[in-house]
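structure28.cif (mmCIF, C-alpha atoms)
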data_run
loop_
_atom_site.label_atom_id
_atom_site.label_comp_id
_atom_site.auth_asym_id
_atom_site.auth_seq_id
_atom_site.Cartn_x
_atom_site.Cartn_y
_atom_site.Cartn_z
CA MET A 1 94.16 78.01 58.35
CA VAL A 2 92.62 79.16 61.62
CA SER A 3 88.92 79.95 61.94
CA SER A 4 87.62 82.92 63.94
CA ARG A 5 86.17 80.48 66.48
CA ALA A 6 89.61 78.92 66.93
CA LEU A 7 91.01 82.38 67.60
CA GLN A 8 88.35 82.82 70.28
CA ALA A 9 89.64 79.65 71.89
CA SER A 10 93.14 81.09 71.76
CA SER A 11 91.84 84.07 73.70
CA ALA A 12 90.48 81.72 76.33
CA LEU A 13 93.92 80.18 76.68
CA ARG A 14 95.43 83.63 77.15
CA ILE A 15 93.13 84.21 80.11
CA SER A 16 94.71 81.27 81.94
CA GLY A 17 97.91 83.37 82.19
CA ASP A 18 100.98 81.52 83.45
CA MET A 19 99.11 78.24 83.41
CA THR A 20 99.15 77.88 79.61
CA MET A 21 101.31 79.57 77.00
CA ILE A 22 100.89 79.63 73.23
CA HIS A 23 103.75 79.61 70.76
CA VAL A 24 102.92 80.08 67.08
CA ILE A 25 105.38 78.50 64.63
CA SER A 26 104.82 79.31 60.98
CA GLY A 27 106.43 79.22 57.58
CA ARG A 28 105.12 82.73 57.00
CA ASP A 29 107.25 85.82 57.39
CA LEU A 30 107.45 86.80 61.08
CA ASP A 31 105.81 90.23 60.61
CA ASN A 32 103.04 88.61 58.60
CA VAL A 33 102.06 86.03 61.21
CA MET A 34 102.32 88.55 64.08
CA GLY A 35 100.08 90.92 62.15
CA MET A 36 97.45 88.21 61.76
CA LEU A 37 97.07 87.53 65.49
CA ARG A 38 98.32 90.71 67.21
CA GLU A 39 98.65 89.11 70.62
CA GLU A 40 101.71 90.05 72.70
CA SER A 41 101.26 87.14 75.12
CA PHE A 42 102.11 84.68 72.32
CA THR A 43 105.60 83.76 71.15
CA TYR A 44 105.92 83.84 67.36
CA ALA A 45 108.36 82.02 65.12
CA GLY A 46 108.38 82.99 61.44
CA ASN A 47 110.22 81.51 58.46
CA HIS A 48 110.10 78.07 60.13
CA GLY A 49 111.79 79.51 63.20
CA LEU A 50 114.61 81.44 61.55
CA LYS A 51 113.12 84.52 63.23
CA ILE A 52 111.49 84.49 66.66
CA CYS A 53 109.72 87.12 68.75
CA TYR A 54 109.23 85.97 72.33
CA ALA A 55 106.11 86.79 74.33
CA LYS A 56 106.19 90.13 76.08
CA GLY A 57 107.39 89.79 79.66
CA ARG A 58 108.83 86.28 79.22
CA VAL A 59 112.41 87.41 78.47
CA GLU A 60 114.34 90.65 78.79
CA GLU A 61 112.96 93.21 76.33
CA SER A 62 116.35 93.43 74.58
CA ALA A 63 116.24 89.67 73.94
CA ARG A 64 112.65 89.41 72.63
CA ASN A 65 113.67 89.39 68.96
CA TRP A 66 115.96 86.56 67.90
CA CYS A 67 117.12 85.48 64.45
CA HIS A 68 119.44 82.82 63.14
CA GLU A 69 122.95 84.09 62.48
CA ASP A 70 122.72 83.33 58.75
CA VAL A 71 119.44 85.18 58.12
CA ASP A 72 120.96 88.33 56.61
CA HIS A 73 123.16 86.41 54.20
CA TYR A 74 120.35 84.22 52.92
CA THR A 75 117.86 87.07 52.75
CA THR A 76 120.01 88.65 50.05
CA ARG A 77 120.34 85.38 48.17
CA ALA A 78 116.62 84.63 48.53
CA THR A 79 115.76 87.96 46.91
CA GLU A 80 117.81 86.97 43.88
CA LEU A 81 116.26 83.50 43.80
CA ALA A 82 112.73 84.95 43.87
CA GLY A 83 113.48 86.86 40.67
CA VAL A 84 114.79 83.71 38.98
CA ILE A 85 111.67 81.73 39.89
CA GLU A 86 109.39 84.54 38.71
CA ASN A 87 111.11 84.49 35.32
CA ALA A 88 110.81 80.70 35.14
CA ILE A 89 107.04 80.70 35.73
CA ALA A 90 106.23 83.88 33.83
CA GLY A 91 103.10 83.51 31.74
CA ILE A 92 101.56 80.70 33.81
CA ALA A 93 98.28 82.04 35.16
CA GLY A 94 97.78 81.66 38.91
CA ALA A 95 101.43 80.96 39.78
CA TRP A 96 103.18 83.50 41.97
CA VAL A 97 106.20 83.92 44.23
CA GLU A 98 106.07 84.98 47.88
CA ARG A 99 109.18 86.70 49.24
CA LYS A 100 109.65 85.99 52.94
CA GLY A 101 113.07 87.32 53.83
CA PRO A 102 115.48 84.36 53.98
CA THR A 103 112.92 81.99 52.43
CA VAL A 104 110.86 81.98 49.23
CA THR A 105 107.63 80.17 48.36
CA CYS A 106 106.31 79.50 44.87
CA HIS A 107 102.52 79.03 44.97
CA TYR A 108 100.52 77.19 42.33
CA ARG A 109 97.17 76.49 44.03
CA GLU A 110 95.34 78.76 41.57
CA THR A 111 96.96 77.39 38.43
CA ALA A 112 95.26 74.94 36.08
CA PRO A 113 95.81 71.34 37.26
CA ALA A 114 97.81 70.52 34.13
CA GLU A 115 100.22 73.40 34.85
CA ARG A 116 100.98 72.54 38.47
CA VAL A 117 103.65 69.97 37.71
CA VAL A 118 105.31 72.42 35.34
CA VAL A 119 105.39 75.17 37.95
CA ALA A 120 106.61 72.87 40.72
CA SER A 121 109.38 71.43 38.55
CA ALA A 122 110.56 74.85 37.38
CA ALA A 123 110.60 76.19 40.94
CA GLN A 124 112.42 73.16 42.31
CA GLN A 125 115.08 73.35 39.61
CA ALA A 126 115.70 77.05 40.28
CA ILE A 127 115.86 76.44 44.02
CA GLU A 128 118.37 73.62 43.71
CA GLU A 129 120.57 75.56 41.29
CA ALA A 130 120.65 78.47 43.76
CA GLY A 131 121.89 76.17 46.52
CA PHE A 132 118.70 76.30 48.57
CA GLN A 133 116.70 73.33 49.81
CA PRO A 134 113.34 72.72 48.09
CA ARG A 135 110.49 71.56 50.30
CA ARG A 136 106.96 70.72 49.18
CA ALA A 137 104.06 72.40 51.01
CA HIS A 138 100.32 72.82 50.33
CA MET A 139 100.21 73.52 46.56
CA ALA A 140 103.59 75.22 46.83
CA VAL A 141 107.33 74.69 46.76
CA GLU A 142 109.43 76.39 49.42
CA ALA A 143 113.06 77.38 49.24
CA ARG A 144 114.90 77.18 52.54
CA PRO A 145 118.49 78.08 53.37
CA PRO A 146 120.75 74.98 53.58
CA ILE A 147 121.46 75.46 57.28
CA GLY A 148 119.62 72.53 58.86
CA TRP A 149 116.92 74.63 60.49
CA ASP A 150 113.23 73.73 60.63
CA LYS A 151 110.17 73.87 62.87
CA GLY A 152 111.57 71.11 65.05
CA ARG A 153 114.71 73.10 65.78
CA ALA A 154 112.54 76.16 66.37
CA VAL A 155 110.51 74.28 68.99
CA LEU A 156 113.65 73.40 70.92
CA GLN A 157 115.01 76.94 70.61
CA ILE A 158 111.83 78.36 72.14
CA LEU A 159 111.48 75.77 74.90
CA ARG A 160 115.12 76.01 75.99
CA THR A 161 115.10 79.80 75.92
CA LEU A 162 111.89 80.22 77.91
CA TYR A 163 112.06 77.25 80.27
CA GLY A 164 115.73 76.24 80.44
CA PRO A 165 117.67 73.12 79.36
CA SER A 166 115.58 70.89 81.63
CA TRP A 167 112.25 72.06 80.19
CA SER A 168 111.06 68.49 79.60
CA GLU A 169 111.05 67.84 83.35
CA SER A 170 108.44 70.52 84.07
CA MET A 171 106.61 71.20 80.79
CA ARG A 172 103.65 69.57 79.10
CA VAL A 173 103.84 70.24 75.38
CA VAL A 174 101.00 70.01 72.85
CA TYR A 175 101.86 70.72 69.20
CA VAL A 176 99.22 71.06 66.46
CA GLY A 177 100.06 71.37 62.75
CA ASP A 178 98.46 70.77 59.36
CA ASP A 179 101.44 71.01 57.01
CA ASP A 180 104.19 68.63 55.89
CA THR A 181 106.70 71.10 57.36
CA ASP A 182 105.19 70.39 60.81
CA GLU A 183 106.47 66.83 60.56
CA ASP A 184 109.91 68.09 61.64
CA ALA A 185 108.38 69.27 64.92
CA PHE A 186 106.39 66.06 65.33
CA ARG A 187 109.60 64.03 65.04
CA MET A 188 111.48 66.32 67.42
CA LEU A 189 108.79 65.93 70.08
CA VAL A 190 108.52 62.13 69.98
CA GLY A 191 108.36 61.03 73.61
CA LEU A 192 108.35 64.66 74.80
CA GLY A 193 104.82 65.82 74.04
CA VAL A 194 101.50 65.11 72.36
CA THR A 195 101.37 66.05 68.68
CA PHE A 196 98.37 66.40 66.36
CA ARG A 197 98.26 66.35 62.56
CA VAL A 198 95.22 68.27 61.29
CA GLY A 199 93.40 66.92 58.23
CA THR A 200 91.67 63.79 57.01
CA LEU A 201 93.93 62.85 54.12
CA VAL A 202 95.34 59.36 54.46
CA ARG A 203 99.06 59.82 54.85
CA SER A 204 101.82 58.77 57.17
CA THR A 205 102.68 61.16 59.96
CA ALA A 206 105.03 61.30 62.93
CA ALA A 207 102.26 62.92 64.98
CA THR A 208 100.81 60.83 67.80
CA ARG A 209 97.21 61.83 67.03
CA ARG A 210 95.02 63.44 64.39
CA LEU A 211 92.43 66.21 64.35
CA ARG A 212 89.81 66.32 61.62
CA ASP A 213 89.66 70.07 60.89
CA PRO A 214 90.05 73.59 62.37
CA GLU A 215 86.84 73.06 64.35
CA SER A 216 88.53 70.15 66.12
CA VAL A 217 91.50 72.42 66.86
CA ARG A 218 89.11 74.91 68.45
CA ARG A 219 87.64 72.16 70.64
CA LEU A 220 91.10 71.06 71.72
CA LEU A 221 92.11 74.61 72.70
CA GLU A 222 88.90 75.09 74.64
CA TYR A 223 89.47 71.78 76.44
CA ILE A 224 92.93 72.91 77.56
CA ALA A 225 91.67 76.37 78.54
CA ALA A 226 88.88 74.87 80.65
CA GLN A 227 91.29 72.96 82.90
CA PRO A 228 94.59 74.85 83.02
CA ASN A 229 95.77 73.18 86.24
CA ARG A 230 96.28 69.91 84.37
CA PHE A 231 98.60 71.69 81.95
CA ASN A 232 100.38 74.00 84.39
CA PRO A 233 103.92 74.41 83.00
CA ARG A 234 105.14 75.83 86.28
CA GLN A 235 104.34 72.76 88.37
CA SER A 236 107.53 71.35 89.86
CA PRO A 237 108.49 68.06 91.52
CA GLU A 238 108.24 69.89 94.86
CA THR A 239 104.59 70.82 94.30
CA THR A 240 103.45 67.66 92.55
CA GLY A 241 105.53 65.02 94.31
CA LEU A 242 106.47 63.62 90.90
CA ALA A 243 109.81 63.36 89.16
CA ARG A 244 108.16 64.68 86.00
CA PRO A 245 104.63 65.70 84.95
CA PRO A 246 102.22 62.85 84.26
CA SER A 247 101.56 62.05 80.63
CA ILE A 248 98.76 64.03 79.02
CA ALA A 249 98.21 61.43 76.32
CA GLY A 250 95.30 59.91 78.17
CA GLN A 251 93.76 63.28 78.94
CA LEU A 252 93.69 64.14 75.24
CA LYS A 253 92.62 60.77 73.87
CA THR A 254 89.15 62.06 72.94
CA PHE A 255 90.78 64.22 70.26
CA HIS A 256 92.27 61.28 68.38
CA LEU A 257 90.66 61.10 64.97
CA ARG A 258 90.00 57.41 64.39
#
Target encoding structure tokens, full file:
Amino acid sequence: MVSSRALQASSALRISGDMTMIHVISGRDLDNVMGMLREESFTYAGNHGLKICYAKGRVEESARNWCHEDVDHYTTRATELAGVIENAIAGIAGAWVERKGPTVTCHYRETAPAERVVVASAAQQAIEEAGFQPRRAHMAVEARPPIGWDKGRAVLQILRTLYGPSWSESMRVVYVGDDDTDEDAFRMLVGLGVTFRVGTLVRSTAATRRLRDPESVRRLLEYIAAQPNRFNPRQSPETTGLARPPSIAGQLKTFHLR
């Protein structure tokens, strides 16, 4: 969930041009998440990175749209799975199935509390029987293709494509997420960036820091936008005199939710 004020902060980041770049990684369908923000200077990854649209001008126009080689195959199978899940939860008020190309999500946030376990169990069983991988999300169960792809892999795909195999020598990465599916990215970026888990629920996380709520996310984005030189991804050892960029952990310590 992103507030309108957080989106204003995103606009401020856009103004800093080459200094700071935003990449949006979502479990939503790619067209859906792009339609929500409508900003061509952002790179978007939908379906947990199975489909990616790179920022305009960052790659050759013919290479802007990328998708995993197995997307078409699993899109067909996911369509069939969605129908199976819908039949399994038919008659349970508030439960519904979201079709997202190669992935499927069964939502039960609006169901009666006593029915949620029933819906989740039925969805998980259908997903497993179809050969997909069930993953729990916020009041939902997701079905993902069994191809070992997640938000962590998507992060690496984007960074290597845009900045080359040695991206970690010249990039400062900040990753913010509020979902269990973001844990894959948190783990992938251990030692390579600063990661934030949004939310106050007491739970274990691979993120290095926490943010309380979307308002805290807005403050973080505004902080980065206000001093882009500290986060300049194009700084090189020749211009900084360093073998690699200095850690930004200390610069962002005020955003650690204690």
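Here the PyMOL selection byres ((chain A and resi 155) around 10) catches exactly these residues: A:His23, A:Val24, A:Ile25, A:Ala45, A:His48, A:Gly49, A:Asp150, A:Lys151, A:Gly152, A:Arg153, A:Ala154, A:Leu156, A:Gln157, A:Ile158, A:Leu159, A:Arg160, A:Thr161, A:Tyr175, A:Asp184, A:Ala185, A:Phe186, A:Met188, A:Leu189.
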(request) Rounded to one decimal place, report the atom CA of Val104 of chain A-atom CA of Val141 of chain A distance in Å. (result) 8.5 Å
(request) Might you spell out which residues the PyMOL selection byres ((chain A and resi 147) around 10) would select in the displayed file, as a PyMOL selection string? (result) chain A and resi 68+70-71+74+132-133+144-146+148-150
(request) Could you give me, as number ranges by chain, the residues that sit within 12 Å of (105.5, 72.0, 52.5) in the file's coordinates, counting all atoms listed in the file? (result) A: 26-28, 48, 104-107, 120, 133-144, 150-151, 177-184
(message) When the PyMOL selection byres ((chain A and resi 197-211) around 6) is applied to the structure above, which residues does it catch, written out as a PyMOL selection string?
(response) chain A and resi 177-178+186-187+195-196+212-213+216+256-257
What does the file look like for those residues with C-alpha atoms, as a PDB file, in the coordinates of the input?
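Contents of selection09.pdb, freshly written:
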ATOM      1  CA  GLY A 177     100.060  71.370  62.750  1.00  0.00           C
ATOM      2  CA  ASP A 178      98.460  70.770  59.360  1.00  0.00           C
ATOM      3  CA  PHE A 186     106.390  66.060  65.330  1.00  0.00           C
ATOM      4  CA  ARG A 187     109.600  64.030  65.040  1.00  0.00           C
ATOM      5  CA  THR A 195     101.370  66.050  68.680  1.00  0.00           C
ATOM      6  CA  PHE A 196      98.370  66.400  66.360  1.00  0.00           C
ATOM      7  CA  ARG A 212      89.810  66.320  61.620  1.00  0.00           C
ATOM      8  CA  ASP A 213      89.660  70.070  60.890  1.00  0.00           C
ATOM      9  CA  SER A 216      88.530  70.150  66.120  1.00  0.00           C
ATOM     10  CA  HIS A 256      92.270  61.280  68.380  1.00  0.00           C
ATOM     11  CA  LEU A 257      90.660  61.100  64.970  1.00  0.00           C
TER      12      LEU A 257
END
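The smallest atom-to-atom distance between Thr76 of chain A and any of A:Lys100, A:Lys56, A:Arg64, A:Arg218, using all atoms listed in the file, is found for A:Lys100.
Going from atom CA of Trp66 of chain A to atom CA of Lys51 of chain A covers 5.8 Å.
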(request) Would you kindly return, as a count of residues only, each protein, DNA or RNA residue with an atom no farther than 12 Å from any atom of Glu115 of chain A, considering only C-alpha atoms and excluding same-chain residues fewer than 4 positions away? (result) 16
(request) Can you work out the spacing between atom CA of Cys53 of chain A and atom CA of Glu40 of chain A in Å, to one decimal? (result) 9.4 Å
Box for segment 105-124 of chain A: with edges along x, y and z, all listed atoms inside and 4 Å added on each side, what are the centre and edge lengths in Å to one decimal, as lines of an AutoDock Vina configuration file?
center_x = 103.8
center_y = 75.1
center_z = 41.2
size_x = 25.2
size_y = 18.2
size_z = 22.2
(request) Find, counting only C-alpha atoms, the residue in A:Gly57, A:Asp29, A:Met36, A:Ala130 that gets nearest to Thr103 of chain A. (result) A:Asp29
